[in-house]
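Student: Questions regarding the structure given below will be posed in turn.
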Protein chains: 2
Amino acid sequence: MARPRNYDPEDLTDRALATFWQLGYDGCAISDLVMACGVNRQTFYNQFGDKRGAFLAALARYRAHVTEGLRLLEPPEPPRTVAEVLHDFIEATLMVQTTRGPGACLLVITAYTPHMADPDIRSAVTEGAAQTRAALVRLVAGGARSGLSGGTSAQVLAAYIYSLMNGLAADRRTGGDPADTAAALRFAIKTLCADER
Amino acid sequence: MARPRNYDPEDLTDRALATFWQLGYDGCAISDLVMACGVNRQTFYNQFGDKRGAFLAALARYRAHVTEGLRLLEPPEPPRTVAEVLHDFIEATLMVQTTRGPGACLLVITAYTPHMADPDIRSAVTEGAAQTRAALVRLVAGGARSGLSGGTSAQVLAAYIYSLMNGLAADRRTGGDPADTAAALRFAIKTLCADER
DNA sequence: ATGGTTCTGGACTCATCGTTCCATAATTGG
DNA sequence: CCAATTATGGAACGATGAGTCCAGAACCAT
C-alpha cells in the first residue's frame, strides 16, 4: 500500500559514484550529485542520508565493480601465461579508469585525501586495496609453479604489481606520454618474469 | 622609509606548503594557513594575493625542493651502480614524503584533484613531473653504457621508474605492509638490471 | 618629529553549501 | 475511496569559508 520507488537504487549509486569519481568528494556539491542522479534532492537524502553516506555507498559500489574486474586474474589456461594475464589486467584497469573515471583508482584518489581520517572511509579504501592485492597474491602464487620470479614471495610480488598499476596511472595523470606509459607496462611485465626463462 | 618585513617569505611559503600538503587544498581553510604561517591574515593576503596564489607559491616551492633532491640522481662513481642510486633515491623520496608530508608527492596528490582544470596548477604539476622524469632519463641514459636493461629506451625506463616510485607511495597509503613495499622496491630495482649481467 | 610603509586585531560582507521543512502531486494496496 | 508511502519543487536555515575593510600600533629613513 505504498507508491513504489521510481528509480533503481544501484543505478542511483552508480550515478553518484561517477560524480564523486570525476569531481572528487570536495569538488562536487549536493546539487551536482542530485543533478547527476536525475532525482529530487529530498529523494537523494532519503536514499543516502547525507553526503558522506552517499560517498560510502559509492565506495562500496566501486569496490563491487572492482571485485567483478578481479575475475580477470583467474589462473590462466596453459597456453596463456601469468604475465599475459597481468598485462591485460593492468591495461584493462587503466582503460576503465580513463573512460569511466578521471584516470586513477577511486580508492587511491581517496587515499590521497584528508577524508582518510574518517574510519569508515579509511576502511573502505584499505579493505578494497587489500582485496585486489589478495587476488594478485593468489594469481602469482599459483603462477609460481609455472616459473615466475623465483626468490620473491607472492606478497611482495603483489605489492609490486599493485604499485606498478597505480604508478602508471599517476604517470599518465601527471602528463606522461601515454606511449611511454604503455611501453613501461610492457617492460615491467617482461622483467617480471626475466628469471623465469 | 618603511617598516621592514617581519618574516622570511620563503619560510612563509614553506609553512603554507606544509599545510597544503598535509590537509590538501580543499581540506585547509585560510585560517589554517594563517595559523601555520604564524602571521596576520592581512599579511598573508598581502603576500600571496589569495588562496590560489598561496597554493601556486607552495607548488613552486615544492618543485624547488624536488629539484634539490634530484641531485641524488647524478651519475655515480664506478664502485657505485645506477641501480643503487635509483634505490636510494626512491627510498629517500618515500621517506621525505612520509616525514614531511602525508606520504605522497604533492604533485601527484594535486594531479588527483579537480584543480587540474586550472591551467597554472596543471602546468606546475606536469612540468614538475616532467623535470623528475628528465633527471631519470639523464641518469638512465648515462647508465646505459654501464649496462642497464638493454633494449628499452631511457624515456620508457624513466616512465617506469617514476611510476614505480609513485606507485609504492600509493601502496603504502592504501594500507600496504611497509615491509612488503620496501621489498617490492628492492625487487623492482633487482629486476631492472636483470639483463645487465 | 614626520611621512610612508608594514604589521596586527577584529569586525564585516558575500557567496556557497549541506541540510531541513513544507505543501502538493502521484501511485499503490486494502 | 482511503490510507500509506513516495516523489517533487521550492523556500529557508545555519554554518562555514574566502576575501575585504578599518583603525591603530610598530618600524624605518629623512
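The chains in the C-alpha cells are called A, B, ... from first to last as shown; in each chain the residues are counted from 1, and the ligands are counted from 1 in the order shown.
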At a cut-off of 10 Å, using only C-alpha atoms (C1' of nucleotides), what residues contact B:Thr98? Leave out same-chain residues fewer than 5 positions from it and give the result as a list of chain:residue names.
Tutor: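 The contact residues come out as B:Thr93, B:Gly103, B:Ala104, B:Cys105, B:Ala169, B:Arg172, B:Arg173.
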Student: Select, as a list of chain:residue names, those residues of chain C with any atom no more than 10 Å from chain A (distances computed using only C-alpha atoms (C1' of nucleotides)).
Tutor: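 Only these qualify: C:DT16, C:DC17, C:DG18, C:DT19, C:DT20, C:DA26, C:DT27, C:DT28, C:DG29, C:DG30.
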Student: How would the residues just chosen look if you wrote them out with C-alpha atoms (C1' of nucleotides) as an mmCIF file, in the first residue's frame?
Tutor:
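Okay, this is what ended up in selection_23.cif:
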data_model
loop_
_atom_site.group_PDB
_atom_site.id
_atom_site.type_symbol
_atom_site.label_atom_id
_atom_site.label_comp_id
_atom_site.auth_asym_id
_atom_site.auth_seq_id
_atom_site.Cartn_x
_atom_site.Cartn_y
_atom_site.Cartn_z
ATOM 1 C "C1'" DT C 16 28.303 28.697 -1.194
ATOM 2 C "C1'" DC C 17 26.997 24.540 0.654
ATOM 3 C "C1'" DG C 18 24.838 20.959 3.432
ATOM 4 C "C1'" DT C 19 20.637 20.115 5.350
ATOM 5 C "C1'" DT C 20 15.775 20.549 6.743
ATOM 6 C "C1'" DA C 26 1.477 10.688 -7.809
ATOM 7 C "C1'" DT C 27 0.878 5.806 -7.146
ATOM 8 C "C1'" DT C 28 -0.104 1.637 -4.862
ATOM 9 C "C1'" DG C 29 -2.944 -1.943 -1.631
ATOM 10 C "C1'" DG C 30 -6.973 -2.615 1.122
#
Student: Quick one, how far is atom CA of B:Trp21 from atom CA of B:His115?
Tutor: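 It comes out at 14.3 Å.
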Student: Please provide the set of residues having any atom within 10 Å of A:Ala60, restricted to only C-alpha atoms (C1' of nucleotides), with same-chain residues fewer than 5 positions apart removed, written as a PyMOL selection string.
Tutor: chain A and resi 13+17+54-55+65-66+121+124-125+128
Student: Could the residues in this selection be written to a file with C-alpha atoms, as an mmCIF file, in the first residue's frame?
Tutor:
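Saved to again33.cif:
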data_model
loop_
_atom_site.group_PDB
_atom_site.id
_atom_site.type_symbol
_atom_site.label_atom_id
_atom_site.label_comp_id
_atom_site.auth_asym_id
_atom_site.auth_seq_id
_atom_site.Cartn_x
_atom_site.Cartn_y
_atom_site.Cartn_z
ATOM 1 C CA THR A 13 24.547 4.837 -6.588
ATOM 2 C CA LEU A 17 29.806 7.195 -7.943
ATOM 3 C CA ALA A 54 26.337 8.779 -0.451
ATOM 4 C CA PHE A 55 30.093 8.634 -0.699
ATOM 5 C CA HIS A 65 32.838 -3.214 -9.663
ATOM 6 C CA VAL A 66 36.469 -3.863 -8.783
ATOM 7 C CA ILE A 121 36.172 5.758 4.556
ATOM 8 C CA ALA A 124 36.660 1.020 2.584
ATOM 9 C CA VAL A 125 39.914 2.171 0.990
ATOM 10 C CA GLY A 128 39.422 -2.552 -1.175
#
Student: Is it possible to get the superposed chain A, fitted on chain B over all Cα pairs by sequence order, as an mmCIF file with C-alpha atoms, in the first residue's frame?
Tutor:
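Saved result, part11.cif, follows:
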data_model
loop_
_atom_site.group_PDB
_atom_site.id
_atom_site.type_symbol
_atom_site.label_atom_id
_atom_site.label_comp_id
_atom_site.auth_asym_id
_atom_site.auth_seq_id
_atom_site.Cartn_x
_atom_site.Cartn_y
_atom_site.Cartn_z
ATOM 1 C CA MET A 1 61.609 54.715 4.781
ATOM 2 C CA ALA A 2 59.404 51.824 5.504
ATOM 3 C CA ARG A 3 58.953 49.203 8.133
ATOM 4 C CA PRO A 4 60.788 46.057 7.042
ATOM 5 C CA ARG A 5 59.174 42.672 6.734
ATOM 6 C CA ASN A 6 58.902 40.775 9.944
ATOM 7 C CA TYR A 7 59.176 37.346 8.328
ATOM 8 C CA ASP A 8 61.054 35.389 5.663
ATOM 9 C CA PRO A 9 58.881 34.980 2.556
ATOM 10 C CA GLU A 10 60.411 31.588 1.757
ATOM 11 C CA ASP A 11 59.771 30.414 5.281
ATOM 12 C CA LEU A 12 56.196 31.641 4.998
ATOM 13 C CA THR A 13 55.754 29.695 1.767
ATOM 14 C CA ASP A 14 57.247 26.617 3.364
ATOM 15 C CA ARG A 15 54.695 26.785 6.153
ATOM 16 C CA ALA A 16 51.865 27.207 3.665
ATOM 17 C CA LEU A 17 53.304 24.307 1.684
ATOM 18 C CA ALA A 18 53.328 22.055 4.729
ATOM 19 C CA THR A 19 49.706 22.908 5.441
ATOM 20 C CA PHE A 20 48.524 22.382 1.875
ATOM 21 C CA TRP A 21 50.443 19.119 1.696
ATOM 22 C CA GLN A 22 49.011 17.723 4.908
ATOM 23 C CA LEU A 23 45.427 18.884 4.547
ATOM 24 C CA GLY A 24 44.993 19.292 0.812
ATOM 25 C CA TYR A 25 43.806 22.389 -0.990
ATOM 26 C CA ASP A 26 40.153 21.911 -0.109
ATOM 27 C CA GLY A 27 40.906 20.423 3.257
ATOM 28 C CA CYS A 28 42.567 23.503 4.681
ATOM 29 C CA ALA A 29 40.931 26.820 5.361
ATOM 30 C CA ILE A 30 42.567 30.208 5.232
ATOM 31 C CA SER A 31 42.553 30.182 9.014
ATOM 32 C CA ASP A 32 44.647 26.984 8.960
ATOM 33 C CA LEU A 33 47.153 28.560 6.608
ATOM 34 C CA VAL A 34 47.301 31.781 8.566
ATOM 35 C CA MET A 35 47.774 29.919 11.833
ATOM 36 C CA ALA A 36 50.506 27.725 10.351
ATOM 37 C CA CYS A 37 52.240 30.764 8.941
ATOM 38 C CA GLY A 38 52.141 32.417 12.351
ATOM 39 C CA VAL A 39 51.220 35.721 10.822
ATOM 40 C CA ASN A 40 48.263 38.011 10.503
ATOM 41 C CA ARG A 41 45.605 37.234 7.942
ATOM 42 C CA GLN A 42 46.086 40.562 6.233
ATOM 43 C CA THR A 43 49.793 39.898 5.917
ATOM 44 C CA PHE A 44 49.004 36.529 4.402
ATOM 45 C CA TYR A 45 46.849 38.148 1.753
ATOM 46 C CA ASN A 46 49.450 40.811 1.081
ATOM 47 C CA GLN A 47 51.988 38.093 0.464
ATOM 48 C CA PHE A 48 49.999 35.638 -1.658
ATOM 49 C CA GLY A 49 47.038 37.574 -2.997
ATOM 50 C CA ASP A 50 44.551 34.806 -2.396
ATOM 51 C CA LYS A 51 44.318 31.130 -1.539
ATOM 52 C CA ARG A 52 45.039 30.036 -5.098
ATOM 53 C CA GLY A 53 48.084 32.298 -5.185
ATOM 54 C CA ALA A 54 49.327 30.747 -1.972
ATOM 55 C CA PHE A 55 48.893 27.302 -3.434
ATOM 56 C CA LEU A 56 50.750 28.217 -6.616
ATOM 57 C CA ALA A 57 53.567 29.614 -4.483
ATOM 58 C CA ALA A 58 53.580 26.412 -2.445
ATOM 59 C CA LEU A 59 53.744 24.315 -5.607
ATOM 60 C CA ALA A 60 56.664 26.361 -6.888
ATOM 61 C CA ARG A 61 58.451 25.986 -3.578
ATOM 62 C CA TYR A 62 57.770 22.268 -3.578
ATOM 63 C CA ARG A 63 59.248 21.988 -7.046
ATOM 64 C CA ALA A 64 62.327 23.811 -5.817
ATOM 65 C CA HIS A 65 62.732 21.254 -3.036
ATOM 66 C CA VAL A 66 62.287 18.457 -5.558
ATOM 67 C CA THR A 67 64.903 19.968 -7.818
ATOM 68 C CA GLU A 68 67.304 19.959 -4.934
ATOM 69 C CA GLY A 69 66.534 16.311 -4.255
ATOM 70 C CA LEU A 70 67.214 15.411 -7.868
ATOM 71 C CA ARG A 71 70.904 15.949 -7.224
ATOM 72 C CA LEU A 72 70.853 12.448 -5.797
ATOM 73 C CA LEU A 73 70.441 11.292 -9.386
ATOM 74 C CA GLU A 74 73.837 12.438 -10.543
ATOM 75 C CA PRO A 75 75.741 9.678 -12.325
ATOM 76 C CA PRO A 76 77.529 7.587 -9.704
ATOM 77 C CA GLU A 77 81.227 6.958 -9.438
ATOM 78 C CA PRO A 78 82.271 3.472 -10.680
ATOM 79 C CA PRO A 79 82.107 1.506 -7.446
ATOM 80 C CA ARG A 80 78.529 2.729 -7.094
ATOM 81 C CA THR A 81 75.950 1.479 -9.595
ATOM 82 C CA VAL A 82 72.990 3.194 -11.206
ATOM 83 C CA ALA A 83 70.735 0.644 -9.555
ATOM 84 C CA GLU A 84 71.982 1.658 -6.127
ATOM 85 C CA VAL A 85 71.437 5.307 -6.931
ATOM 86 C CA LEU A 86 67.880 4.619 -8.015
ATOM 87 C CA HIS A 87 67.134 2.531 -4.949
ATOM 88 C CA ASP A 88 68.453 5.131 -2.570
ATOM 89 C CA PHE A 89 66.720 7.958 -4.398
ATOM 90 C CA ILE A 90 63.330 6.296 -4.234
ATOM 91 C CA GLU A 91 63.841 5.275 -0.639
ATOM 92 C CA ALA A 92 64.854 8.784 0.343
ATOM 93 C CA THR A 93 61.932 10.269 -1.569
ATOM 94 C CA LEU A 94 59.434 7.996 0.140
ATOM 95 C CA MET A 95 60.994 8.852 3.471
ATOM 96 C CA VAL A 96 60.641 12.586 2.915
ATOM 97 C CA GLN A 97 57.073 12.166 1.733
ATOM 98 C CA THR A 98 56.098 10.404 4.938
ATOM 99 C CA THR A 99 58.021 12.584 7.366
ATOM 100 C CA ARG A 100 57.333 16.004 5.847
ATOM 101 C CA GLY A 101 54.083 15.179 4.105
ATOM 102 C CA PRO A 102 51.164 12.780 4.047
ATOM 103 C CA GLY A 103 53.068 9.999 2.307
ATOM 104 C CA ALA A 104 52.818 10.986 -1.323
ATOM 105 C CA CYS A 105 54.159 13.524 -3.780
ATOM 106 C CA LEU A 106 52.276 16.824 -3.651
ATOM 107 C CA LEU A 107 52.257 16.993 -7.422
ATOM 108 C CA VAL A 108 50.639 13.576 -7.726
ATOM 109 C CA ILE A 109 48.149 14.388 -4.987
ATOM 110 C CA THR A 110 47.260 17.544 -6.872
ATOM 111 C CA ALA A 111 47.038 15.602 -10.117
ATOM 112 C CA TYR A 112 44.276 13.540 -8.504
ATOM 113 C CA THR A 113 42.243 16.650 -7.968
ATOM 114 C CA PRO A 114 39.732 18.651 -9.979
ATOM 115 C CA HIS A 115 42.054 21.620 -9.614
ATOM 116 C CA MET A 116 43.955 20.207 -12.554
ATOM 117 C CA ALA A 117 41.405 22.116 -14.619
ATOM 118 C CA ASP A 118 43.245 25.261 -13.554
ATOM 119 C CA PRO A 119 45.880 25.870 -16.256
ATOM 120 C CA ASP A 120 48.492 27.265 -13.897
ATOM 121 C CA ILE A 121 48.126 24.421 -11.430
ATOM 122 C CA ARG A 122 48.164 21.912 -14.242
ATOM 123 C CA SER A 123 51.362 23.398 -15.628
ATOM 124 C CA ALA A 124 53.083 23.281 -12.273
ATOM 125 C CA VAL A 125 52.161 19.614 -11.875
ATOM 126 C CA THR A 126 53.057 18.418 -15.345
ATOM 127 C CA GLU A 127 56.247 20.461 -15.555
ATOM 128 C CA GLY A 128 57.361 19.256 -12.147
ATOM 129 C CA ALA A 129 56.745 15.651 -13.113
ATOM 130 C CA ALA A 130 58.486 16.174 -16.438
ATOM 131 C CA GLN A 131 61.495 17.575 -14.628
ATOM 132 C CA THR A 132 61.862 14.492 -12.478
ATOM 133 C CA ARG A 133 61.399 12.209 -15.473
ATOM 134 C CA ALA A 134 64.058 14.175 -17.357
ATOM 135 C CA ALA A 135 66.518 13.712 -14.499
ATOM 136 C CA LEU A 136 65.774 9.987 -14.554
ATOM 137 C CA VAL A 137 66.324 9.912 -18.305
ATOM 138 C CA ARG A 138 69.731 11.518 -17.897
ATOM 139 C CA LEU A 139 70.767 9.061 -15.225
ATOM 140 C CA VAL A 140 69.493 6.020 -17.066
ATOM 141 C CA ALA A 141 70.876 7.110 -20.418
ATOM 142 C CA GLY A 142 74.251 7.628 -18.796
ATOM 143 C CA GLY A 143 73.951 4.241 -17.157
ATOM 144 C CA ALA A 144 73.176 2.526 -20.437
ATOM 145 C CA ARG A 145 76.879 2.221 -21.106
ATOM 146 C CA SER A 146 77.355 0.582 -17.743
ATOM 147 C CA GLY A 147 74.776 -1.963 -18.860
ATOM 148 C CA LEU A 148 71.211 -1.336 -17.772
ATOM 149 C CA SER A 149 68.208 -3.046 -19.299
ATOM 150 C CA GLY A 150 69.410 -3.259 -22.850
ATOM 151 C CA GLY A 151 66.659 -2.885 -25.399
ATOM 152 C CA THR A 152 64.514 -0.286 -23.659
ATOM 153 C CA SER A 153 64.756 3.435 -24.298
ATOM 154 C CA ALA A 154 65.734 5.774 -21.484
ATOM 155 C CA GLN A 155 62.386 7.556 -21.853
ATOM 156 C CA VAL A 156 60.485 4.384 -21.152
ATOM 157 C CA LEU A 157 62.747 3.405 -18.295
ATOM 158 C CA ALA A 158 62.233 6.815 -16.758
ATOM 159 C CA ALA A 159 58.464 6.451 -17.042
ATOM 160 C CA TYR A 160 58.773 3.058 -15.408
ATOM 161 C CA ILE A 161 60.847 4.310 -12.518
ATOM 162 C CA TYR A 162 58.640 7.348 -11.999
ATOM 163 C CA SER A 163 55.613 5.085 -11.965
ATOM 164 C CA LEU A 164 57.270 2.713 -9.567
ATOM 165 C CA MET A 165 58.118 5.462 -7.128
ATOM 166 C CA ASN A 166 54.633 6.948 -7.018
ATOM 167 C CA GLY A 167 53.044 3.531 -7.050
ATOM 168 C CA LEU A 168 54.948 2.449 -3.972
ATOM 169 C CA ALA A 169 53.677 5.564 -2.233
ATOM 170 C CA ALA A 170 50.124 4.663 -3.227
ATOM 171 C CA ASP A 171 50.651 1.140 -1.979
ATOM 172 C CA ARG A 172 51.739 2.368 1.409
ATOM 173 C CA ARG A 173 49.012 4.951 1.620
ATOM 174 C CA THR A 174 46.326 2.366 0.889
ATOM 175 C CA GLY A 175 47.415 0.262 3.827
ATOM 176 C CA GLY A 176 50.063 -1.921 2.276
ATOM 177 C CA ASP A 177 52.538 -3.569 4.609
ATOM 178 C CA PRO A 178 55.609 -1.285 4.731
ATOM 179 C CA ALA A 179 57.895 -4.297 4.743
ATOM 180 C CA ASP A 180 56.312 -5.540 1.537
ATOM 181 C CA THR A 181 56.601 -2.109 -0.023
ATOM 182 C CA ALA A 182 60.284 -1.939 0.805
ATOM 183 C CA ALA A 183 60.831 -5.446 -0.515
ATOM 184 C CA ALA A 184 58.895 -4.595 -3.675
ATOM 185 C CA LEU A 185 61.251 -1.681 -4.240
ATOM 186 C CA ARG A 186 64.304 -3.904 -3.855
ATOM 187 C CA PHE A 187 62.728 -6.471 -6.166
ATOM 188 C CA ALA A 188 61.970 -3.853 -8.807
ATOM 189 C CA ILE A 189 65.495 -2.501 -8.746
ATOM 190 C CA LYS A 190 66.901 -5.997 -8.967
ATOM 191 C CA THR A 191 64.851 -6.947 -11.989
ATOM 192 C CA LEU A 192 65.549 -3.569 -13.541
ATOM 193 C CA CYS A 193 69.076 -4.632 -14.284
ATOM 194 C CA ALA A 194 68.480 -8.357 -14.563
ATOM 195 C CA ASP A 195 69.564 -8.384 -18.176
ATOM 196 C CA GLU A 196 72.691 -6.472 -17.364
ATOM 197 C CA ARG A 197 74.415 -9.468 -15.826
#
Student: Let's see if you can do this: from backbone DSSP, list all alpha helix (DSSP H) residues in stretch 50-79 of chain B, as a list in words.
Tutor: Lys51, Arg52, Gly53, Ala54, Phe55, Leu56, Ala57, Ala58, Leu59, Ala60, Arg61, Tyr62, Arg63, Ala64, His65, Val66, Thr67, Glu68 and Gly69 of chain B
Student: Could you write out that same residue set with C-alpha atoms as a PDB file, in the first residue's frame?
Tutor:
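Generated output (part37.pdb):
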ATOM      1  CA  LYS B  51      44.329  31.107  -1.565  1.00  0.00           C
ATOM      2  CA  ARG B  52      45.061  30.033  -5.096  1.00  0.00           C
ATOM      3  CA  GLY B  53      48.115  32.287  -5.191  1.00  0.00           C
ATOM      4  CA  ALA B  54      49.358  30.737  -1.975  1.00  0.00           C
ATOM      5  CA  PHE B  55      48.905  27.294  -3.449  1.00  0.00           C
ATOM      6  CA  LEU B  56      50.771  28.201  -6.612  1.00  0.00           C
ATOM      7  CA  ALA B  57      53.603  29.603  -4.493  1.00  0.00           C
ATOM      8  CA  ALA B  58      53.605  26.414  -2.441  1.00  0.00           C
ATOM      9  CA  LEU B  59      53.762  24.319  -5.608  1.00  0.00           C
ATOM     10  CA  ALA B  60      56.695  26.358  -6.903  1.00  0.00           C
ATOM     11  CA  ARG B  61      58.488  25.989  -3.593  1.00  0.00           C
ATOM     12  CA  TYR B  62      57.791  22.266  -3.582  1.00  0.00           C
ATOM     13  CA  ARG B  63      59.277  21.993  -7.037  1.00  0.00           C
ATOM     14  CA  ALA B  64      62.358  23.816  -5.808  1.00  0.00           C
ATOM     15  CA  HIS B  65      62.764  21.257  -3.044  1.00  0.00           C
ATOM     16  CA  VAL B  66      62.302  18.449  -5.544  1.00  0.00           C
ATOM     17  CA  THR B  67      64.923  19.963  -7.826  1.00  0.00           C
ATOM     18  CA  GLU B  68      67.336  19.951  -4.934  1.00  0.00           C
ATOM     19  CA  GLY B  69      66.549  16.298  -4.241  1.00  0.00           C
TER      20      GLY B  69
END
Student: Compute the set of chain D residues within 8 Å of chain A, using only C-alpha atoms (C1' of nucleotides), and express it as a ChimeraX atom specification.
Tutor: /D:4-8
Student: Pull C-alpha atoms (C1' of nucleotides) from the residues just selected and write them as a PDB file, in the first residue's frame.
Tutor:
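Written output follows (selection_39.pdb):
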ATOM      1  C1'  DA D   4       0.022   4.981   3.266  1.00  0.00           C
ATOM      2  C1'  DT D   5       4.173   5.805   1.070  1.00  0.00           C
ATOM      3  C1'  DT D   6       6.988   8.171  -2.161  1.00  0.00           C
ATOM      4  C1'  DA D   7       8.225  11.849  -5.457  1.00  0.00           C
ATOM      5  C1'  DT D   8       8.566  16.843  -6.478  1.00  0.00           C
TER       6       DT D   8
END
Student: Can you tell me, as a CSV table (one decimal) with N, CA and C atoms (P, O5', C5', C4', C3', O3' and C1' of nucleotides), in the first residue's frame, what residues are no more than 12 Å from C:DC12 when counting only C-alpha atoms (C1' of nucleotides), ignoring any on the same chain fewer than 6 positions away?
Tutor:
chain,number,residue,atom,x,y,z
D,19,DG,P,40.1,33.7,-1.8
D,19,DG,O5',39.7,35.2,-1.4
D,19,DG,C5',38.5,35.8,-2.0
D,19,DG,C4',38.2,37.0,-1.3
D,19,DG,C3',39.3,38.1,-1.1
D,19,DG,O3',39.0,39.2,-1.8
D,19,DG,C1',38.0,37.8,0.9
D,20,DT,P,40.0,40.5,-1.7
D,20,DT,O5',39.2,41.5,-0.7
D,20,DT,C5',37.8,41.6,-0.9
D,20,DT,C4',37.3,42.7,0.1
D,20,DT,C3',38.1,43.9,0.2
D,20,DT,O3',37.3,45.0,0.1
D,20,DT,C1',37.7,43.0,2.4
D,21,DC,P,38.0,46.5,0.0
D,21,DC,O5',37.7,47.1,1.4
D,21,DC,C5',36.5,46.6,2.1
D,21,DC,C4',36.4,47.3,3.5
D,21,DC,C3',37.2,48.5,3.7
D,21,DC,O3',36.5,49.5,4.3
D,21,DC,C1',37.8,46.9,5.3
D,22,DC,P,37.1,51.0,4.4
D,22,DC,O5',37.5,51.2,6.0
D,22,DC,C5',36.6,50.5,6.9
D,22,DC,C4',37.3,50.6,8.3
D,22,DC,C3',38.3,51.7,8.5
D,22,DC,O3',38.0,52.3,9.8
D,22,DC,C1',39.3,49.7,9.0
Student: Go ahead and compute the interatomic distance for atom C1' of C:DT8 and atom C1' of D:DT16, in Å to one decimal.
Tutor: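 Taking atom C1' of C:DT8 and atom C1' of D:DT16, their separation equals 23.7 Å.
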